[in-house]
Amino acid sequence: MSTLLTVKNLSKHYSLSGGWFGPERRLDALTDINLSVEAGETLAIVGESGCGKTTLGRCIIQAQPVSEGTVTYHPKSGGEVELTSLNKRQIKPWRQDIRMIFQDPMSSLNPNMRVFDIVAEPLRIHKICKGKALEERVISTLEKVGIPAEAVGRYPHAFSGGQRQRIGIARALVLDPKLVIADEAVSALDVSIQAQVLNLLEDLKAEFGLTYIFISHDLGVVNYIAARVVVMYLGHVVENAPTEMLFERPRHPYTELLLEALPIADPLRRKGRKTEVRGEIPYLGNRPVGCPFHTRCKYAEDRCRTDRPELRPINGTAQQAACHFAEKLDLKGAYEDAPAKEFA
């Protein structure tokens, strides 16, 4: 596979007012993010709320400007495009190739627009087609995601949550993108509907040759859909590994903590599992020195409190972790055996 997108040394800072007399403060939402996305793969970005995964997705599509670093797109036509160096006019054509599916299908759809106009809007903005050609393309795209042609005149409130998410998917796909960023695309849906939408995403990927960045807090969903997983904590990437490798043998204590939180159907196995969590998630504006996870880590030593570990390959494998003791720690995986690729 060829590389489709590269994120290098990306950081995002926000300035916070100190009030009338206090100094201005800086909030570090993302710090020194490095990752690549291969054409045709599904890369998952996981972590607790507030870890920076949605901010990273928005920085990739340049919905928010980055403070430092670069996002480089490698189109199939050849060459490379540094998205972070483009202004609004210059980046507009490339937004046809990189699209986003938003988390809440109700709030992300304009309640005053018909479904037809919601899906047609990107085509009109980019002046792709009009008239009969536009109508045919919109209806065809909606039908591919399971919305019948006779429903295009309705408004979003007339649809179920799963159907609204399908409309959001159609809006992202109507421009024939190469990379789709799905931000918590199924988290607001019932489990049965989640399975339908995940299967739809897989079918569309196979049909159109799509590449996904799948942002989620649910490792059960990630295990089903992703080939590779990036784990984030407090704006840092702490682990990056192929999915099965990460589930079998995590190399960062935070990943172990996330895996321990997965539900277990077997009561005997569940009884023997204990999740030990120390403290609360630190405030982003007052991030700990050293390893960002050391305040909650049961394995932390003095070095962790002073030196921030770099993300590095572990034992020459495809697994990377930002932990001083990644090679030495015997961390628990999600299952006794290799995880089955099925959605429960």
# chains A, B, ... in the order shown; residues from 1 in each chain; ligands from 1

call {"tool": "residues_around", "arguments": {"residues": "Gly209 of chain A", "least_positions_apart": "6", "cutoff": "10 Å", "atoms": "only C-alpha atoms", "output": "short mmCIF file (atom, residue, chain, number, x, y, z; two decimals) with N, CA and C atoms, in the first residue's frame"}}
result
data_model
loop_
_atom_site.label_atom_id
_atom_site.label_comp_id
_atom_site.auth_asym_id
_atom_site.auth_seq_id
_atom_site.Cartn_x
_atom_site.Cartn_y
_atom_site.Cartn_z
N ALA A 39 -3.11 4.10 1.90
CA ALA A 39 -4.27 4.04 1.01
C ALA A 39 -4.98 2.70 1.18
N GLY A 40 -6.28 2.74 1.38
CA GLY A 40 -7.08 1.53 1.48
C GLY A 40 -7.23 0.97 2.88
N GLU A 41 -6.56 1.53 3.86
CA GLU A 41 -6.65 0.99 5.22
C GLU A 41 -7.69 1.76 6.04
N PRO A 177 -14.82 11.00 -2.49
CA PRO A 177 -13.55 11.26 -1.80
C PRO A 177 -12.64 10.04 -1.80
N LYS A 178 -11.38 10.29 -1.44
CA LYS A 178 -10.41 9.21 -1.29
C LYS A 178 -10.21 8.85 0.18
N LEU A 179 -10.34 9.86 1.06
CA LEU A 179 -10.16 9.66 2.50
C LEU A 179 -11.37 10.21 3.23
N ASP A 203 -18.83 -2.02 3.41
CA ASP A 203 -19.27 -2.28 2.03
C ASP A 203 -18.87 -1.12 1.11
#

call {"tool": "residues_around", "arguments": {"residues": "segment 307-317 of chain A", "least_positions_apart": "6", "cutoff": "12 Å", "atoms": "only C-alpha atoms", "output": "ChimeraX atom specification"}}
result
/A:9,31-35,230-232,236-242,245-246,249-252,287-294,300-301,323-329

call {"tool": "write_last_selection", "arguments": {"atoms": "C-alpha atoms", "output": "short mmCIF file (atom, residue, chain, number, x, y, z; two decimals), in the first residue's frame"}}
result
data_model
loop_
_atom_site.label_atom_id
_atom_site.label_comp_id
_atom_site.auth_asym_id
_atom_site.auth_seq_id
_atom_site.Cartn_x
_atom_site.Cartn_y
_atom_site.Cartn_z
CA ASN A 9 5.11 17.01 14.33
CA THR A 31 1.50 17.84 21.04
CA ASP A 32 3.94 16.58 18.42
CA ILE A 33 1.62 14.15 16.61
CA ASN A 34 3.22 11.89 14.01
CA LEU A 35 1.32 9.31 11.99
CA VAL A 230 -3.55 4.97 17.33
CA VAL A 231 -4.10 5.50 21.07
CA MET A 232 -4.16 9.10 22.34
CA HIS A 236 -0.20 12.76 22.81
CA VAL A 237 0.01 9.56 20.77
CA VAL A 238 1.01 6.91 23.33
CA GLU A 239 0.70 3.80 21.15
CA ASN A 240 0.38 2.97 17.45
CA ALA A 241 0.01 -0.66 16.40
CA PRO A 242 -1.80 -3.16 14.16
CA MET A 245 -1.12 -6.90 18.00
CA LEU A 246 -2.48 -4.13 20.23
CA ARG A 249 -0.15 -7.43 23.78
CA PRO A 250 -0.50 -3.71 24.53
CA ARG A 251 2.77 -1.89 25.16
CA HIS A 252 1.53 1.19 26.99
CA ARG A 287 -0.31 19.05 32.02
CA PRO A 288 2.10 16.96 34.13
CA VAL A 289 5.83 17.09 33.45
CA GLY A 290 7.39 13.94 32.03
CA CYS A 291 5.13 11.15 30.82
CA PRO A 292 1.59 12.57 30.51
CA PHE A 293 0.15 9.36 32.02
CA HIS A 294 2.43 9.03 35.06
CA ALA A 300 5.32 4.80 37.11
CA GLU A 301 8.87 5.34 38.39
CA CYS A 323 6.72 4.33 27.41
CA HIS A 324 10.17 4.08 29.01
CA PHE A 325 9.48 0.48 30.03
CA ALA A 326 7.48 -0.80 27.06
CA GLU A 327 9.81 -3.75 26.46
CA LYS A 328 9.88 -4.80 30.13
CA LEU A 329 6.24 -4.50 31.19
#

call {"tool": "select_by_dssp", "arguments": {"residues": "segment 28-216 of chain A", "states": "strand (DSSP E or B)", "output": "number ranges by chain"}}
result
A: 28-38, 42-46, 68-73, 81-82, 98-101, 179-183, 211-216

call {"tool": "closest_residue", "arguments": {"among": "A:Leu56, A:Met106, A:Ala29, A:Val180", "to": "Leu4 of chain A", "atoms": "only C-alpha atoms"}}
result
A:Val180

call {"tool": "select_by_dssp", "arguments": {"residues": "segment 101-204 of chain A", "states": "alpha helix (DSSP H)", "output": "PyMOL selection string"}}
result
chain A and resi 115-125+131-144+161-173+191-204

call {"tool": "write_last_selection", "arguments": {"atoms": "N, CA and C atoms", "output": "compact mmCIF listing (two decimals), in the first residue's frame"}}
result
# COMPACT_ATOMS: atom_id res chain seq x y z
N VAL A 115 -33.47 16.59 2.63
CA VAL A 115 -32.37 15.64 2.49
C VAL A 115 -31.67 15.82 1.15
N PHE A 116 -32.44 16.06 0.10
CA PHE A 116 -31.84 16.25 -1.22
C PHE A 116 -30.85 17.41 -1.20
N ASP A 117 -31.25 18.53 -0.60
CA ASP A 117 -30.39 19.72 -0.59
C ASP A 117 -29.18 19.53 0.32
N ILE A 118 -29.35 18.76 1.41
CA ILE A 118 -28.22 18.49 2.30
C ILE A 118 -27.11 17.75 1.56
N VAL A 119 -27.50 16.73 0.81
CA VAL A 119 -26.51 15.92 0.08
C VAL A 119 -26.01 16.66 -1.16
N ALA A 120 -26.86 17.48 -1.76
CA ALA A 120 -26.47 18.21 -2.98
C ALA A 120 -25.57 19.40 -2.68
N GLU A 121 -25.59 19.90 -1.45
CA GLU A 121 -24.85 21.13 -1.13
C GLU A 121 -23.36 21.05 -1.48
N PRO A 122 -22.63 19.97 -1.14
CA PRO A 122 -21.21 19.92 -1.53
C PRO A 122 -21.01 19.99 -3.04
N LEU A 123 -21.89 19.37 -3.81
CA LEU A 123 -21.79 19.42 -5.27
C LEU A 123 -21.97 20.84 -5.79
N ARG A 124 -22.87 21.57 -5.17
CA ARG A 124 -23.10 22.96 -5.59
C ARG A 124 -21.94 23.86 -5.17
N ILE A 125 -21.42 23.65 -3.97
CA ILE A 125 -20.30 24.47 -3.50
C ILE A 125 -19.08 24.30 -4.40
N GLY A 131 -28.43 20.62 -12.37
CA GLY A 131 -29.57 20.13 -13.14
C GLY A 131 -29.80 18.64 -12.97
N LYS A 132 -30.07 17.98 -14.08
CA LYS A 132 -30.40 16.56 -14.08
C LYS A 132 -29.24 15.71 -13.56
N ALA A 133 -28.01 16.08 -13.94
CA ALA A 133 -26.84 15.32 -13.50
C ALA A 133 -26.70 15.38 -11.98
N LEU A 134 -26.96 16.55 -11.39
CA LEU A 134 -26.88 16.69 -9.94
C LEU A 134 -27.95 15.83 -9.27
N GLU A 135 -29.16 15.89 -9.80
CA GLU A 135 -30.26 15.11 -9.23
C GLU A 135 -29.95 13.62 -9.25
N GLU A 136 -29.45 13.14 -10.37
CA GLU A 136 -29.14 11.71 -10.50
C GLU A 136 -28.03 11.29 -9.54
N ARG A 137 -27.02 12.15 -9.38
CA ARG A 137 -25.90 11.81 -8.51
C ARG A 137 -26.33 11.77 -7.05
N VAL A 138 -27.15 12.72 -6.64
CA VAL A 138 -27.63 12.76 -5.26
C VAL A 138 -28.48 11.54 -4.95
N ILE A 139 -29.42 11.24 -5.82
CA ILE A 139 -30.31 10.09 -5.59
C ILE A 139 -29.53 8.79 -5.60
N SER A 140 -28.58 8.67 -6.53
CA SER A 140 -27.76 7.46 -6.60
C SER A 140 -26.95 7.26 -5.32
N THR A 141 -26.37 8.34 -4.80
CA THR A 141 -25.57 8.25 -3.58
C THR A 141 -26.43 7.88 -2.39
N LEU A 142 -27.61 8.49 -2.28
CA LEU A 142 -28.52 8.16 -1.18
C LEU A 142 -28.98 6.71 -1.25
N GLU A 143 -29.25 6.22 -2.42
CA GLU A 143 -29.68 4.83 -2.56
C GLU A 143 -28.57 3.86 -2.17
N LYS A 144 -27.33 4.24 -2.43
CA LYS A 144 -26.20 3.38 -2.05
C LYS A 144 -26.05 3.23 -0.55
N GLY A 161 -32.37 7.77 13.89
CA GLY A 161 -30.97 8.10 14.09
C GLY A 161 -30.05 7.41 13.10
N GLY A 162 -30.32 6.12 12.85
CA GLY A 162 -29.51 5.38 11.89
C GLY A 162 -29.65 5.92 10.48
N GLN A 163 -30.87 6.30 10.11
CA GLN A 163 -31.09 6.86 8.77
C GLN A 163 -30.42 8.22 8.63
N ARG A 164 -30.46 9.03 9.69
CA ARG A 164 -29.78 10.34 9.63
C ARG A 164 -28.28 10.17 9.47
N GLN A 165 -27.72 9.15 10.13
CA GLN A 165 -26.29 8.93 9.96
C GLN A 165 -25.97 8.48 8.54
N ARG A 166 -26.87 7.71 7.93
CA ARG A 166 -26.69 7.31 6.53
C ARG A 166 -26.71 8.54 5.61
N ILE A 167 -27.56 9.50 5.95
CA ILE A 167 -27.60 10.75 5.16
C ILE A 167 -26.27 11.49 5.31
N GLY A 168 -25.74 11.52 6.53
CA GLY A 168 -24.44 12.14 6.75
C GLY A 168 -23.34 11.44 5.97
N ILE A 169 -23.42 10.13 5.88
CA ILE A 169 -22.44 9.36 5.10
C ILE A 169 -22.58 9.70 3.62
N ALA A 170 -23.82 9.80 3.14
CA ALA A 170 -24.05 10.15 1.74
C ALA A 170 -23.49 11.53 1.42
N ARG A 171 -23.67 12.48 2.33
CA ARG A 171 -23.13 13.83 2.12
C ARG A 171 -21.60 13.79 2.00
N ALA A 172 -20.96 12.91 2.77
CA ALA A 172 -19.50 12.80 2.69
C ALA A 172 -19.05 12.12 1.41
N LEU A 173 -19.85 11.17 0.92
CA LEU A 173 -19.42 10.36 -0.23
C LEU A 173 -19.79 10.96 -1.58
N VAL A 191 -26.90 -0.20 19.61
CA VAL A 191 -25.92 -1.22 19.21
C VAL A 191 -26.34 -1.92 17.93
N SER A 192 -27.63 -2.25 17.79
CA SER A 192 -28.08 -2.94 16.58
C SER A 192 -27.91 -2.06 15.35
N ILE A 193 -28.15 -0.76 15.50
CA ILE A 193 -27.98 0.17 14.39
C ILE A 193 -26.49 0.40 14.12
N GLN A 194 -25.68 0.38 15.19
CA GLN A 194 -24.23 0.51 15.00
C GLN A 194 -23.72 -0.56 14.04
N ALA A 195 -24.16 -1.79 14.26
CA ALA A 195 -23.69 -2.89 13.41
C ALA A 195 -24.07 -2.66 11.95
N GLN A 196 -25.28 -2.16 11.71
CA GLN A 196 -25.72 -1.89 10.33
C GLN A 196 -24.85 -0.81 9.69
N VAL A 197 -24.58 0.27 10.43
CA VAL A 197 -23.78 1.37 9.87
C VAL A 197 -22.34 0.93 9.65
N LEU A 198 -21.78 0.16 10.57
CA LEU A 198 -20.41 -0.34 10.40
C LEU A 198 -20.30 -1.24 9.18
N ASN A 199 -21.29 -2.11 9.00
CA ASN A 199 -21.28 -2.98 7.82
C ASN A 199 -21.42 -2.15 6.54
N LEU A 200 -22.23 -1.10 6.60
CA LEU A 200 -22.37 -0.21 5.44
C LEU A 200 -21.03 0.46 5.12
N LEU A 201 -20.34 0.94 6.13
CA LEU A 201 -19.04 1.58 5.91
C LEU A 201 -18.05 0.60 5.28
N GLU A 202 -18.07 -0.64 5.73
CA GLU A 202 -17.18 -1.65 5.16
C GLU A 202 -17.54 -1.93 3.71
N ASP A 203 -18.83 -2.02 3.41
CA ASP A 203 -19.27 -2.28 2.03
C ASP A 203 -18.87 -1.12 1.11
N LEU A 204 -19.05 0.11 1.58
CA LEU A 204 -18.69 1.28 0.78
C LEU A 204 -17.19 1.36 0.56

call {"tool": "atom_distance", "arguments": {"atom1": "atom CA of Tyr14 of chain A", "atom2": "atom CA of Gly50 of chain A"}}
result
13.9 Å

call {"tool": "residues_around", "arguments": {"residues": "Cys51 of chain A", "least_positions_apart": "2", "cutoff": "8 Å", "atoms": "only C-alpha atoms", "output": "JSON, numbers by chain"}}
result
{"A": [29, 47, 48, 49, 53, 232, 233, 234, 235, 236]}

call {"tool": "write_last_selection", "arguments": {"atoms": "N, CA and C atoms", "output": "PDB file, in the first residue's frame"}}
result
ATOM      1  N   ALA A  29      -3.723  21.314  23.131  1.00  0.00           N
ATOM      2  CA  ALA A  29      -4.687  20.274  22.774  1.00  0.00           C
ATOM      3  C   ALA A  29      -4.017  19.089  22.096  1.00  0.00           C
ATOM      4  N   GLY A  47      -9.319   6.927  22.383  1.00  0.00           N
ATOM      5  CA  GLY A  47      -8.935   7.580  23.629  1.00  0.00           C
ATOM      6  C   GLY A  47     -10.164   8.108  24.335  1.00  0.00           C
ATOM      7  N   GLU A  48      -9.989   8.510  25.579  1.00  0.00           N
ATOM      8  CA  GLU A  48     -11.091   9.060  26.352  1.00  0.00           C
ATOM      9  C   GLU A  48     -11.502  10.431  25.815  1.00  0.00           C
ATOM     10  N   SER A  49     -12.670  10.881  26.231  1.00  0.00           N
ATOM     11  CA  SER A  49     -13.126  12.214  25.850  1.00  0.00           C
ATOM     12  C   SER A  49     -12.111  13.255  26.311  1.00  0.00           C
ATOM     13  N   LYS A  53      -8.609  13.581  20.004  1.00  0.00           N
ATOM     14  CA  LYS A  53      -8.797  12.833  18.753  1.00  0.00           C
ATOM     15  C   LYS A  53      -9.674  13.583  17.756  1.00  0.00           C
ATOM     16  N   MET A 232      -4.525   7.748  21.917  1.00  0.00           N
ATOM     17  CA  MET A 232      -4.164   9.101  22.343  1.00  0.00           C
ATOM     18  C   MET A 232      -4.524   9.334  23.806  1.00  0.00           C
ATOM     19  N   TYR A 233      -3.681  10.124  24.468  1.00  0.00           N
ATOM     20  CA  TYR A 233      -3.940  10.519  25.851  1.00  0.00           C
ATOM     21  C   TYR A 233      -3.403  11.933  26.059  1.00  0.00           C
ATOM     22  N   LEU A 234      -4.251  12.829  26.508  1.00  0.00           N
ATOM     23  CA  LEU A 234      -3.871  14.222  26.779  1.00  0.00           C
ATOM     24  C   LEU A 234      -3.139  14.875  25.613  1.00  0.00           C
ATOM     25  N   GLY A 235      -3.630  14.623  24.400  1.00  0.00           N
ATOM     26  CA  GLY A 235      -3.048  15.268  23.231  1.00  0.00           C
ATOM     27  C   GLY A 235      -1.792  14.624  22.700  1.00  0.00           C
ATOM     28  N   HIS A 236      -1.384  13.485  23.266  1.00  0.00           N
ATOM     29  CA  HIS A 236      -0.199  12.758  22.814  1.00  0.00           C
ATOM     30  C   HIS A 236      -0.608  11.417  22.209  1.00  0.00           C
TER      31      HIS A 236
END

call {"tool": "closest_residue", "arguments": {"among": "A:Cys304, A:Gly285, A:Cys59, A:Tyr155", "to": "Gly18 of chain A", "atoms": "only C-alpha atoms"}}
result
A:Gly285
